[in-house]
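Below you'll find the structure, written out as structure tokens, and then a few comments.
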Number of protein chains: 2
Amino acid sequence: MSGAQMQREMAEQPAVLQRIAARAPRVRDEVRALLPDRLDGIVFIGRGSSDNAAVLGRYAAEIAAGRPAGLAAPSLYTRYAASVDFSGYLAVGLSQSGATPEIIDTCKQLRASGARVIAITNDDESALAGACDLALSTDAGKEIAVPATKTVTAEMALVLVVATALGDGLAGAEALDSLPGAVDTVLGDESSPAALAASWAHYDRLLVTARGLQYAAALETALKIKETCRVLAEGISIADLLHGPIAAVDAGLPVLTMDGGDPTADDSRLLADRLAELDAPAATCSPDASSTLPMPEGLHESLYSIVATVRGQQLAYHLSIARGLDPDRPIGLTKVTPTN
Amino acid sequence: MSGAQMQREMAEQPAVLQRIAARAPRVRDEVRALLPDRLDGIVFIGRGSSDNAAVLGRYAAEIAAGRPAGLAAPSLYTRYAASVDFSGYLAVGLSQSGATPEIIDTCKQLRASGARVIAITNDDESALAGACDLALSTDAGKEIAVPATKTVTAEMALVLVVATALGDGLAGAEALDSLPGAVDTVLGDESSPAALAASWAHYDRLLVTARGLQYAAALETALKIKETCRVLAEGISIADLLHGPIAAVDAGLPVLTMDGGDPTADDSRLLADRLAELDAPAATCSPDASSTLPMPEGLHESLYSIVATVRGQQLAYHLSIARGLDPDRPIGLTKVTPTN
């Protein structure tokens, strides 16, 4: 069956997350041992799905550490030969393969410029792991399907582990052992994403939106749909959408809104009202039981970013199949992308 | 005629840019006087078009200053009540109206947390100007059309002024007096954007792509098209596009690629080859005379981000008219957006 590999790897996620939860306390100690005396800032570096995990890291690390965090722009180092002093910085480079040249080059340059650099990768023997001060393995097992799934949620869990090592500003996010069961519950419900996919299969464009800690899940869901469904799916923050692009929304542009309850549930409700006025096809992914893609209640809000990402994988999978495609083999993509 | 106000304001851009170029040396002195002894990092804050100017600022400031720069995530302060130490940081808040509540609130919080804060706004008397250490006026005159044009290129010029005050890593970017003539030349050629708009008028989705310093122009062009054309236009970096979303590109998804020559021209060429293989409708905006939307030769690469933004305004304008819309009055938008 087409998509069988992607489904198999999605199904491994509870076990992968359980392993990360089990070693999280030790990983936090390793991260703390690496920190500079005074932390000037934190940067995350990734491309594709790893960049979406980086977005989650950027939000979580700033809240947890109480120091500014951001995303590196690789082209500054690979194209502009920028000379930047990274002393006092913690950098976190993410790559599923550990083999993306621009991520390796950027991490090397940041380290040579003074940053303490952590690699998060699924290959402990990779060039990226070897180029950094500390390598954290996603330990997800080999990933074969082109659309990354279990390595992405593993990266997301690890950035939360790194973030919660930096300070206690995000209390609750360390409860990773609540994740495997929640992801298992979601994976046990194929009917919700299959139904949404069936009703949206004829659209060749859509929006996925969220705010705050769920924004990464919206970006990742949009990316997964672009990669597997031949649909132009844009991930956009609710605030950005309402600020201007809402003018493009009408009955022909469906919108999926993700939230993890407070503190962004009001943003989702405000947007839902606007979408209803515009007669736009709308769906939601939230811990509300009446949601289109419901998630189990009771998790810390930061952890919903990972559960919502799994919901997004399910939607991409079913939408791909509903559109007559093979999600395991997106047209024109390979597993390691040689961007540099 | 519909769109007359937007066109009038676009036509004022050479004069607005000339005024900024004339006072740039004084502005640089004011910025330098504000800097902390040791600069830990730089953050830019904006929403909508101002966020796109912030993207340009983030790239330019990091190259120029040789210290890491990034974009603030307003929801961390307005939704998550994050307590973040911004001592040692320079923050630059951008808002055309100076009245967007979340930008004002974020700037106030960053300042109270130790950042030196610069406001860039078109209203010197605005709440944003009053809330910061230094207010820089875009001095663009009143902007009436809902799609921001002259205030955006003015913000972009001012972030280059701020960036070049921070260090000499972006030599050449201070030559702002070459901008008014180049923008005037581009505004004198309506036929190129009108022809592209005519050939793409039937698409309801498209991509605008670029890398490095031109990325901001791609984001702004996509935003302007979303706001005025009822088209889902996504702005995306060439590296991100090639890393995965290229799987969604086919003969039904046009792609506009922007570059300012080296050092990203090779990225554009690589992408052009892939688009040709995919039979995707492709257009370019570059200093190459054979480009779909040509720009005058001889500018510093950083300045092309502003000229390309003007090309994008022209395309949005003509595409809006070609699709039977009034670019002055996008459906459902107002001039000041009360996101908070």
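Residues in the structure tokens are numbered from 1 in each chain, the chains being A, B, ... in the order shown, and ligands are numbered from 1 in the order shown.
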> What are the residues of chain B that have an atom within 6 Å of an atom of chain A, counting only C-alpha atoms, as an NGL selection string?
Replying inline: :B and (40 or 63 or 66-67 or 70 or 75 or 79 or 82-85 or 212 or 226-227 or 230-231 or 243-245 or 247-248 or 263 or 331-332 or 337)
>> If you run DSSP on the backbone here, which positions in segment 27-187 of chain B get alpha helix (DSSP H)? Please write them as number ranges by chain.
In response: B: 27-34, 49-65, 75-78, 101-112, 127-130, 150-165, 179-187
> Hey, can you check how far atom CA of Leu196 of chain A sits from atom CA of Val208 of chain A?
Replying inline: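 About the pair atom CA of Leu196 of chain A and atom CA of Val208 of chain A: they are 13.4 Å apart.
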>> Run DSSP on the backbone and tell me which residues of segment 25-224 of chain A come out as strand (DSSP E or B); list them as a PyMOL selection string.
In response: chain A and resi 41-45+69-71+89-95+116-121+134-137+205-210
>> Report, in Å with one decimal, the straight-line distance from atom CA of Thr257 of chain B to atom CA of Thr284 of chain B.
In response: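 Between atom CA of Thr257 of chain B and atom CA of Thr284 of chain B the gap is 4.8 Å.
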> Could you state the separation of atom CA of Gly141 of chain B and atom CA of Glu174 of chain B in Å, given to one decimal place?
Replying inline: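 Straight-line distance from atom CA of Gly141 of chain B to atom CA of Glu174 of chain B works out to 23.2 Å.
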